[in-house]
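K.L.:
You'll find final-v9.cif just under this line, and it carries mmCIF, N, CA and C atoms.
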```
data_upload
loop_
_atom_site.label_atom_id
_atom_site.label_comp_id
_atom_site.auth_asym_id
_atom_site.auth_seq_id
_atom_site.Cartn_x
_atom_site.Cartn_y
_atom_site.Cartn_z
N MET A 126 24.30 19.91 -9.38
CA MET A 126 23.34 18.89 -9.78
C MET A 126 22.11 19.02 -8.89
N GLU A 127 20.97 18.95 -9.50
CA GLU A 127 19.72 18.97 -8.75
C GLU A 127 19.08 17.59 -8.81
N VAL A 128 18.75 17.06 -7.64
CA VAL A 128 18.14 15.74 -7.55
C VAL A 128 16.67 15.85 -7.95
N GLU A 129 16.26 14.99 -8.88
CA GLU A 129 14.87 14.97 -9.34
C GLU A 129 14.17 13.75 -8.75
N VAL A 130 13.08 14.02 -8.04
CA VAL A 130 12.29 12.96 -7.41
C VAL A 130 10.86 13.09 -7.91
N SER A 131 10.31 12.01 -8.42
CA SER A 131 8.92 12.00 -8.86
C SER A 131 8.02 11.81 -7.64
N LEU A 132 7.28 12.85 -7.31
CA LEU A 132 6.39 12.75 -6.15
C LEU A 132 5.28 11.74 -6.38
N GLY A 133 4.86 11.58 -7.62
CA GLY A 133 3.87 10.55 -7.94
C GLY A 133 4.39 9.17 -7.63
N ALA A 134 5.65 8.93 -8.01
CA ALA A 134 6.27 7.63 -7.72
C ALA A 134 6.40 7.43 -6.21
N VAL A 135 6.74 8.49 -5.49
CA VAL A 135 6.87 8.41 -4.04
C VAL A 135 5.54 8.03 -3.39
N VAL A 136 4.47 8.67 -3.81
CA VAL A 136 3.15 8.38 -3.25
C VAL A 136 2.73 6.95 -3.57
N LEU A 137 2.91 6.54 -4.84
CA LEU A 137 2.55 5.17 -5.21
C LEU A 137 3.40 4.14 -4.46
N ALA A 138 4.67 4.41 -4.31
CA ALA A 138 5.56 3.49 -3.58
C ALA A 138 5.13 3.39 -2.12
N ALA A 139 4.79 4.52 -1.52
CA ALA A 139 4.34 4.52 -0.12
C ALA A 139 3.04 3.73 0.02
N LEU A 140 2.13 3.93 -0.90
CA LEU A 140 0.87 3.18 -0.85
C LEU A 140 1.11 1.69 -1.04
N SER A 141 2.08 1.34 -1.89
CA SER A 141 2.39 -0.07 -2.08
C SER A 141 2.89 -0.69 -0.78
N ALA A 142 3.65 0.07 0.00
CA ALA A 142 4.14 -0.43 1.29
C ALA A 142 2.97 -0.72 2.22
N MET A 143 1.98 0.15 2.20
CA MET A 143 0.81 -0.04 3.05
C MET A 143 0.03 -1.30 2.62
N ILE A 144 -0.10 -1.47 1.33
CA ILE A 144 -0.83 -2.64 0.81
C ILE A 144 -0.07 -3.93 1.12
N ILE A 145 1.23 -3.93 0.87
CA ILE A 145 2.04 -5.12 1.15
C ILE A 145 1.97 -5.47 2.63
N GLY A 146 2.11 -4.48 3.49
CA GLY A 146 2.03 -4.73 4.94
C GLY A 146 0.69 -5.28 5.35
N SER A 147 -0.36 -4.74 4.77
CA SER A 147 -1.71 -5.22 5.09
C SER A 147 -1.90 -6.68 4.69
N ILE A 148 -1.39 -7.03 3.52
CA ILE A 148 -1.51 -8.41 3.05
C ILE A 148 -0.57 -9.33 3.83
N TRP A 149 0.67 -8.90 4.02
CA TRP A 149 1.69 -9.71 4.67
C TRP A 149 1.28 -10.14 6.07
N TYR A 150 0.70 -9.21 6.82
CA TYR A 150 0.38 -9.49 8.22
C TYR A 150 -1.08 -9.87 8.44
N MET A 151 -1.81 -10.20 7.37
CA MET A 151 -3.16 -10.74 7.53
C MET A 151 -3.07 -12.11 8.19
N PRO A 152 -4.09 -12.48 8.96
CA PRO A 152 -4.06 -13.80 9.61
C PRO A 152 -3.86 -14.96 8.64
N ASN A 153 -4.41 -14.87 7.43
CA ASN A 153 -4.31 -15.97 6.47
C ASN A 153 -2.96 -16.04 5.77
N THR A 154 -2.13 -15.00 5.88
CA THR A 154 -0.79 -15.07 5.30
C THR A 154 0.20 -15.34 6.43
N PHE A 155 0.81 -14.29 6.98
CA PHE A 155 1.79 -14.49 8.05
C PHE A 155 1.35 -13.88 9.38
N GLY A 156 0.14 -13.35 9.43
CA GLY A 156 -0.34 -12.66 10.61
C GLY A 156 -0.38 -13.50 11.88
N LYS A 157 -0.92 -14.71 11.77
CA LYS A 157 -1.00 -15.57 12.96
C LYS A 157 0.39 -15.88 13.50
N MET A 158 1.30 -16.20 12.59
CA MET A 158 2.67 -16.50 13.00
C MET A 158 3.32 -15.26 13.63
N TRP A 159 3.09 -14.09 13.02
CA TRP A 159 3.67 -12.86 13.53
C TRP A 159 3.15 -12.54 14.92
N PHE A 160 1.83 -12.63 15.12
CA PHE A 160 1.25 -12.38 16.44
C PHE A 160 1.88 -13.28 17.50
N LYS A 161 2.05 -14.56 17.16
CA LYS A 161 2.61 -15.53 18.10
C LYS A 161 4.08 -15.22 18.39
N LEU A 162 4.87 -15.03 17.34
CA LEU A 162 6.30 -14.78 17.52
C LEU A 162 6.57 -13.44 18.22
N ALA A 163 5.75 -12.45 17.93
CA ALA A 163 5.93 -11.13 18.53
C ALA A 163 5.29 -11.04 19.92
N ARG A 164 4.62 -12.12 20.30
CA ARG A 164 3.95 -12.20 21.60
C ARG A 164 2.95 -11.06 21.81
N ILE A 165 2.11 -10.88 20.80
CA ILE A 165 1.08 -9.85 20.85
C ILE A 165 -0.21 -10.47 21.34
N ASP A 166 -0.78 -9.86 22.33
CA ASP A 166 -2.03 -10.34 22.91
C ASP A 166 -3.19 -9.92 22.01
N THR A 167 -3.74 -10.86 21.28
CA THR A 167 -4.82 -10.56 20.33
C THR A 167 -6.16 -10.31 21.01
N SER A 168 -6.25 -10.63 22.30
CA SER A 168 -7.51 -10.38 23.01
C SER A 168 -7.62 -8.91 23.43
N LYS A 169 -6.51 -8.21 23.44
CA LYS A 169 -6.51 -6.78 23.79
C LYS A 169 -7.09 -5.99 22.63
N LYS A 170 -8.10 -5.21 22.92
CA LYS A 170 -8.75 -4.42 21.89
C LYS A 170 -7.98 -3.11 21.66
N VAL A 171 -7.82 -2.77 20.39
CA VAL A 171 -7.17 -1.52 20.02
C VAL A 171 -8.27 -0.53 19.67
N THR A 172 -8.18 0.68 20.22
CA THR A 172 -9.20 1.68 19.96
C THR A 172 -9.06 2.22 18.54
N THR A 173 -10.10 2.85 18.07
CA THR A 173 -10.08 3.46 16.74
C THR A 173 -8.99 4.52 16.66
N ASN A 174 -8.83 5.32 17.71
CA ASN A 174 -7.80 6.36 17.73
C ASN A 174 -6.40 5.74 17.69
N GLN A 175 -6.20 4.67 18.42
CA GLN A 175 -4.89 4.00 18.39
C GLN A 175 -4.61 3.44 17.01
N MET A 176 -5.60 2.82 16.41
CA MET A 176 -5.43 2.25 15.07
C MET A 176 -5.15 3.36 14.05
N ALA A 177 -5.87 4.46 14.15
CA ALA A 177 -5.65 5.59 13.24
C ALA A 177 -4.22 6.11 13.39
N ALA A 178 -3.76 6.24 14.62
CA ALA A 178 -2.39 6.72 14.86
C ALA A 178 -1.36 5.76 14.27
N LEU A 179 -1.60 4.46 14.39
CA LEU A 179 -0.69 3.47 13.82
C LEU A 179 -0.62 3.60 12.30
N TYR A 180 -1.79 3.73 11.67
CA TYR A 180 -1.82 3.81 10.20
C TYR A 180 -1.26 5.13 9.68
N VAL A 181 -1.52 6.22 10.38
CA VAL A 181 -0.94 7.51 9.98
C VAL A 181 0.58 7.44 10.11
N GLY A 182 1.05 6.86 11.21
CA GLY A 182 2.49 6.71 11.40
C GLY A 182 3.11 5.84 10.32
N ALA A 183 2.43 4.76 9.97
CA ALA A 183 2.93 3.86 8.92
C ALA A 183 2.96 4.58 7.57
N LEU A 184 1.95 5.39 7.29
CA LEU A 184 1.92 6.12 6.02
C LEU A 184 3.04 7.16 5.96
N VAL A 185 3.23 7.89 7.04
CA VAL A 185 4.27 8.92 7.06
C VAL A 185 5.66 8.28 6.89
N THR A 186 5.91 7.19 7.60
CA THR A 186 7.22 6.54 7.46
C THR A 186 7.38 5.92 6.08
N SER A 187 6.30 5.42 5.49
CA SER A 187 6.37 4.87 4.13
C SER A 187 6.67 5.97 3.12
N LEU A 188 6.06 7.13 3.30
CA LEU A 188 6.35 8.27 2.42
C LEU A 188 7.81 8.69 2.55
N LEU A 189 8.31 8.74 3.75
CA LEU A 189 9.70 9.12 3.98
C LEU A 189 10.65 8.10 3.36
N THR A 190 10.37 6.82 3.58
CA THR A 190 11.21 5.77 3.00
C THR A 190 11.20 5.86 1.48
N ALA A 191 10.03 6.03 0.89
CA ALA A 191 9.92 6.11 -0.57
C ALA A 191 10.66 7.33 -1.10
N TYR A 192 10.56 8.46 -0.40
CA TYR A 192 11.25 9.67 -0.85
C TYR A 192 12.76 9.48 -0.81
N VAL A 193 13.25 8.94 0.30
CA VAL A 193 14.69 8.72 0.43
C VAL A 193 15.17 7.72 -0.63
N LEU A 194 14.41 6.66 -0.85
CA LEU A 194 14.79 5.69 -1.87
C LEU A 194 14.82 6.33 -3.25
N ALA A 195 13.84 7.16 -3.57
CA ALA A 195 13.82 7.84 -4.86
C ALA A 195 15.01 8.79 -4.99
N HIS A 196 15.33 9.48 -3.92
CA HIS A 196 16.45 10.42 -3.90
C HIS A 196 17.77 9.68 -4.15
N VAL A 197 17.99 8.61 -3.40
CA VAL A 197 19.23 7.83 -3.54
C VAL A 197 19.27 7.13 -4.90
N THR A 198 18.13 6.72 -5.40
CA THR A 198 18.08 6.11 -6.73
C THR A 198 18.54 7.09 -7.79
N PHE A 199 18.10 8.34 -7.68
CA PHE A 199 18.54 9.35 -8.64
C PHE A 199 20.06 9.49 -8.61
N LEU A 200 20.63 9.56 -7.42
CA LEU A 200 22.09 9.68 -7.28
C LEU A 200 22.79 8.43 -7.83
N SER A 201 22.23 7.28 -7.53
CA SER A 201 22.78 6.02 -8.04
C SER A 201 22.75 6.01 -9.57
N HIS A 202 21.64 6.43 -10.12
CA HIS A 202 21.50 6.45 -11.57
C HIS A 202 22.48 7.46 -12.20
N TYR A 203 22.67 8.58 -11.56
CA TYR A 203 23.61 9.59 -12.04
C TYR A 203 25.02 9.01 -12.10
N PHE A 204 25.36 8.18 -11.10
CA PHE A 204 26.69 7.59 -11.03
C PHE A 204 26.84 6.40 -11.98
N PHE A 205 25.92 5.43 -11.90
CA PHE A 205 26.05 4.19 -12.68
C PHE A 205 25.56 4.32 -14.12
N ASN A 206 24.53 5.12 -14.31
CA ASN A 206 23.96 5.38 -15.63
C ASN A 206 23.51 4.12 -16.36
N ASN A 207 23.00 3.15 -15.61
CA ASN A 207 22.31 2.01 -16.23
C ASN A 207 20.90 2.47 -16.55
N SER A 208 20.02 1.55 -16.85
CA SER A 208 18.62 1.98 -16.99
C SER A 208 18.15 2.45 -15.61
N PHE A 209 17.22 3.38 -15.62
CA PHE A 209 16.74 3.91 -14.34
C PHE A 209 16.11 2.80 -13.50
N LEU A 210 15.40 1.88 -14.16
CA LEU A 210 14.79 0.76 -13.46
C LEU A 210 15.86 -0.12 -12.81
N GLN A 211 16.90 -0.45 -13.54
CA GLN A 211 17.97 -1.28 -12.98
C GLN A 211 18.62 -0.59 -11.79
N ASP A 212 18.88 0.69 -11.91
CA ASP A 212 19.50 1.41 -10.79
C ASP A 212 18.55 1.52 -9.60
N ALA A 213 17.26 1.64 -9.85
CA ALA A 213 16.28 1.71 -8.76
C ALA A 213 16.22 0.38 -8.01
N LEU A 214 16.19 -0.72 -8.74
CA LEU A 214 16.12 -2.04 -8.09
C LEU A 214 17.42 -2.38 -7.36
N SER A 215 18.53 -2.04 -7.97
CA SER A 215 19.83 -2.27 -7.32
C SER A 215 19.94 -1.44 -6.05
N THR A 216 19.55 -0.19 -6.13
CA THR A 216 19.60 0.69 -4.96
C THR A 216 18.67 0.16 -3.87
N ALA A 217 17.48 -0.27 -4.24
CA ALA A 217 16.54 -0.82 -3.25
C ALA A 217 17.14 -2.03 -2.55
N PHE A 218 17.77 -2.91 -3.30
CA PHE A 218 18.38 -4.09 -2.69
C PHE A 218 19.46 -3.70 -1.69
N TRP A 219 20.36 -2.82 -2.08
CA TRP A 219 21.46 -2.46 -1.19
C TRP A 219 20.97 -1.66 0.02
N VAL A 220 19.95 -0.84 -0.15
CA VAL A 220 19.35 -0.14 0.99
C VAL A 220 18.76 -1.15 1.96
N TRP A 221 18.04 -2.15 1.43
CA TRP A 221 17.46 -3.19 2.29
C TRP A 221 18.56 -3.93 3.04
N LEU A 222 19.56 -4.40 2.31
CA LEU A 222 20.61 -5.20 2.93
C LEU A 222 21.45 -4.39 3.91
N GLY A 223 21.85 -3.21 3.51
CA GLY A 223 22.77 -2.43 4.34
C GLY A 223 22.15 -1.67 5.48
N PHE A 224 20.88 -1.31 5.36
CA PHE A 224 20.25 -0.50 6.41
C PHE A 224 19.08 -1.20 7.09
N MET A 225 18.24 -1.85 6.33
CA MET A 225 17.03 -2.43 6.92
C MET A 225 17.31 -3.78 7.56
N ALA A 226 17.81 -4.72 6.79
CA ALA A 226 18.01 -6.09 7.29
C ALA A 226 19.05 -6.13 8.41
N THR A 227 20.14 -5.41 8.22
CA THR A 227 21.20 -5.46 9.24
C THR A 227 20.77 -4.81 10.55
N ARG A 228 20.09 -3.69 10.47
CA ARG A 228 19.64 -3.02 11.70
C ARG A 228 18.57 -3.85 12.40
N LEU A 229 17.69 -4.46 11.63
CA LEU A 229 16.66 -5.32 12.19
C LEU A 229 17.31 -6.50 12.91
N TRP A 230 18.30 -7.10 12.27
CA TRP A 230 18.99 -8.25 12.87
C TRP A 230 19.65 -7.87 14.19
N VAL A 231 20.36 -6.75 14.21
CA VAL A 231 21.06 -6.34 15.42
C VAL A 231 20.08 -6.01 16.54
N SER A 232 19.07 -5.20 16.25
CA SER A 232 18.12 -4.83 17.30
C SER A 232 17.35 -6.03 17.81
N ASP A 233 16.90 -6.90 16.91
CA ASP A 233 16.16 -8.08 17.34
C ASP A 233 17.05 -9.04 18.13
N SER A 234 18.31 -9.15 17.77
CA SER A 234 19.24 -10.02 18.51
C SER A 234 19.41 -9.52 19.94
N PHE A 235 19.62 -8.22 20.10
CA PHE A 235 19.81 -7.68 21.44
C PHE A 235 18.52 -7.70 22.26
N GLU A 236 17.38 -7.64 21.60
CA GLU A 236 16.10 -7.69 22.30
C GLU A 236 15.64 -9.11 22.55
N GLY A 237 16.39 -10.08 22.06
CA GLY A 237 16.07 -11.48 22.30
C GLY A 237 14.85 -11.97 21.54
N ARG A 238 14.57 -11.36 20.42
CA ARG A 238 13.41 -11.78 19.62
C ARG A 238 13.74 -13.06 18.87
N PRO A 239 12.73 -13.87 18.60
CA PRO A 239 12.97 -15.12 17.86
C PRO A 239 13.52 -14.85 16.46
N VAL A 240 14.43 -15.69 16.03
CA VAL A 240 15.03 -15.56 14.69
C VAL A 240 13.95 -15.63 13.62
N LYS A 241 12.94 -16.47 13.81
CA LYS A 241 11.85 -16.57 12.82
C LYS A 241 11.14 -15.23 12.67
N LEU A 242 10.97 -14.50 13.76
CA LEU A 242 10.32 -13.19 13.70
C LEU A 242 11.19 -12.21 12.92
N THR A 243 12.48 -12.24 13.19
CA THR A 243 13.40 -11.37 12.47
C THR A 243 13.37 -11.67 10.98
N LEU A 244 13.41 -12.95 10.63
CA LEU A 244 13.39 -13.33 9.22
C LEU A 244 12.06 -12.96 8.56
N LEU A 245 10.96 -13.12 9.28
CA LEU A 245 9.65 -12.76 8.76
C LEU A 245 9.58 -11.26 8.47
N ASN A 246 10.04 -10.45 9.41
CA ASN A 246 10.01 -9.00 9.23
C ASN A 246 11.03 -8.54 8.18
N ALA A 247 12.18 -9.20 8.13
CA ALA A 247 13.19 -8.85 7.11
C ALA A 247 12.68 -9.20 5.71
N ALA A 248 11.97 -10.31 5.60
CA ALA A 248 11.39 -10.69 4.30
C ALA A 248 10.32 -9.67 3.88
N ASN A 249 9.52 -9.23 4.83
CA ASN A 249 8.53 -8.20 4.53
C ASN A 249 9.22 -6.92 4.07
N ALA A 250 10.27 -6.54 4.76
CA ALA A 250 11.01 -5.33 4.38
C ALA A 250 11.61 -5.49 2.99
N PHE A 251 12.11 -6.69 2.67
CA PHE A 251 12.69 -6.94 1.34
C PHE A 251 11.63 -6.78 0.25
N VAL A 252 10.51 -7.44 0.41
CA VAL A 252 9.45 -7.34 -0.60
C VAL A 252 8.98 -5.90 -0.73
N THR A 253 8.80 -5.24 0.40
CA THR A 253 8.32 -3.85 0.39
C THR A 253 9.28 -2.93 -0.33
N ILE A 254 10.56 -2.99 0.02
CA ILE A 254 11.53 -2.06 -0.58
C ILE A 254 11.77 -2.37 -2.06
N MET A 255 11.70 -3.65 -2.43
CA MET A 255 11.90 -4.00 -3.84
C MET A 255 10.71 -3.53 -4.69
N VAL A 256 9.50 -3.65 -4.16
CA VAL A 256 8.32 -3.15 -4.89
C VAL A 256 8.40 -1.62 -4.97
N MET A 257 8.83 -0.98 -3.90
CA MET A 257 9.01 0.47 -3.95
C MET A 257 10.02 0.83 -5.03
N GLY A 258 11.13 0.10 -5.08
CA GLY A 258 12.14 0.36 -6.10
C GLY A 258 11.59 0.14 -7.50
N LEU A 259 10.79 -0.89 -7.67
CA LEU A 259 10.17 -1.17 -8.96
C LEU A 259 9.29 0.00 -9.40
N ILE A 260 8.47 0.48 -8.48
CA ILE A 260 7.58 1.61 -8.79
C ILE A 260 8.39 2.86 -9.11
N ILE A 261 9.37 3.15 -8.29
CA ILE A 261 10.21 4.34 -8.52
C ILE A 261 10.94 4.22 -9.85
N GLY A 262 11.39 3.00 -10.17
CA GLY A 262 12.10 2.79 -11.43
C GLY A 262 11.21 2.91 -12.65
N LEU A 263 9.94 2.59 -12.50
CA LEU A 263 9.01 2.62 -13.64
C LEU A 263 8.29 3.96 -13.78
N VAL A 264 8.00 4.62 -12.67
CA VAL A 264 7.24 5.88 -12.68
C VAL A 264 8.23 7.02 -12.47
N ARG A 265 8.84 7.41 -13.54
CA ARG A 265 9.90 8.41 -13.43
C ARG A 265 9.39 9.79 -13.72
#
```
Show how you would write the structure in this file as structure tokens.

P.N.:
Amino acid sequence: MEVEVSLGAVVLAALSAMIIGSIWYMPNTFGKMWFKLARIDTSKKVTTNQMAALYVGALVTSLLTAYVLAHVTFLSHYFFNNSFLQDALSTAFWVWLGFMATRLWVSDSFEGRPVKLTLLNAANAFVTIMVMGLIIGLVR
């Protein structure tokens, strides 16, 4: 069996993650709360090079996440044989719950981070991965 992954879907899903993150962490949405809970000093200036490195890193990890999700979705669809969209969304949910939310909870618990911060980031991860799954399921 050869796994088929739509690179177009992967790119669109990765870009959606960037857009969701940008909106999610804007000051007018959850940004102010996130800065406070994460104890980030907003008076510290970030250089253009630092910001570029952060965004490049975010894009690369979003591409990797989208590719892996598309890959696992194909395998899930091969096994379950529901509609591709249903299998993509189901796979996205279980990936979020089993890998993203649980790992975030454990690491944040051991690091002593506020529960509100963990829930805020887990909610962002949920919305992000579900939109990625939606795109992968629709753009086959």

K.L.:
In Å, with one decimal, what is the gap from CA of Asn249 (chain A) to atom C of Asp212 (chain A)?

P.N.:
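We find that CA of Asn249 (chain A) and atom C of Asp212 (chain A) lie 19.9 Å from each other.
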
K.L.:
For a quick check of understanding, using only C-alpha atoms, which of A:Leu162, A:Leu200, A:Ala195, A:Ala226 has the smallest distance to Ala134 (chain A)?

P.N.:
A:Ala195

K.L.:
Which residue gives the smallest distance to Met257 (chain A) among A:Phe160, A:Phe155, A:Leu137, A:His196, with only N, CA and C atoms counted?

P.N.:
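When distances to Met257 (chain A) are compared using only N, CA and C atoms, the smallest one comes from A:Leu137.
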
K.L.:
Restricting the calculation to only C-alpha atoms, which member of A:Ala163, A:Leu245, A:Asn207, A:Gly258 is positioned closest to Val220 (chain A)?

P.N.:
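With only C-alpha atoms as the atom set, the closest residue is A:Gly258.
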
K.L.:
Mind giving me the straight-line distance from CA of Met176 (chain A) to CA of Ala247 (chain A) in Å, one decimal?

P.N.:
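Atom-to-atom, CA of Met176 (chain A) to CA of Ala247 (chain A), that is 23.1 Å.
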
K.L.:
Find the residue from A:Thr198, A:Tyr192, A:Gly133, A:Leu184 that sits nearest to Gly146 (chain A); use only C-alpha atoms when measuring.

P.N.:
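Closest to Gly146 (chain A) of all the choices is A:Leu184.
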
K.L.:
Around (9.9, -13.8, 14.9) in the file's frame, which residues reach within 7 Å when counting only N, CA and C atoms? Return as a list of chain:residue names?

P.N.:
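Checked against the point, the hits come out as A:Met158, A:Trp159, A:Lys161, A:Leu162, A:Ala163, A:Arg238, A:Pro239, A:Val240, A:Lys241, A:Leu242, A:Thr243, A:Leu244, A:Leu245, A:Asn246.
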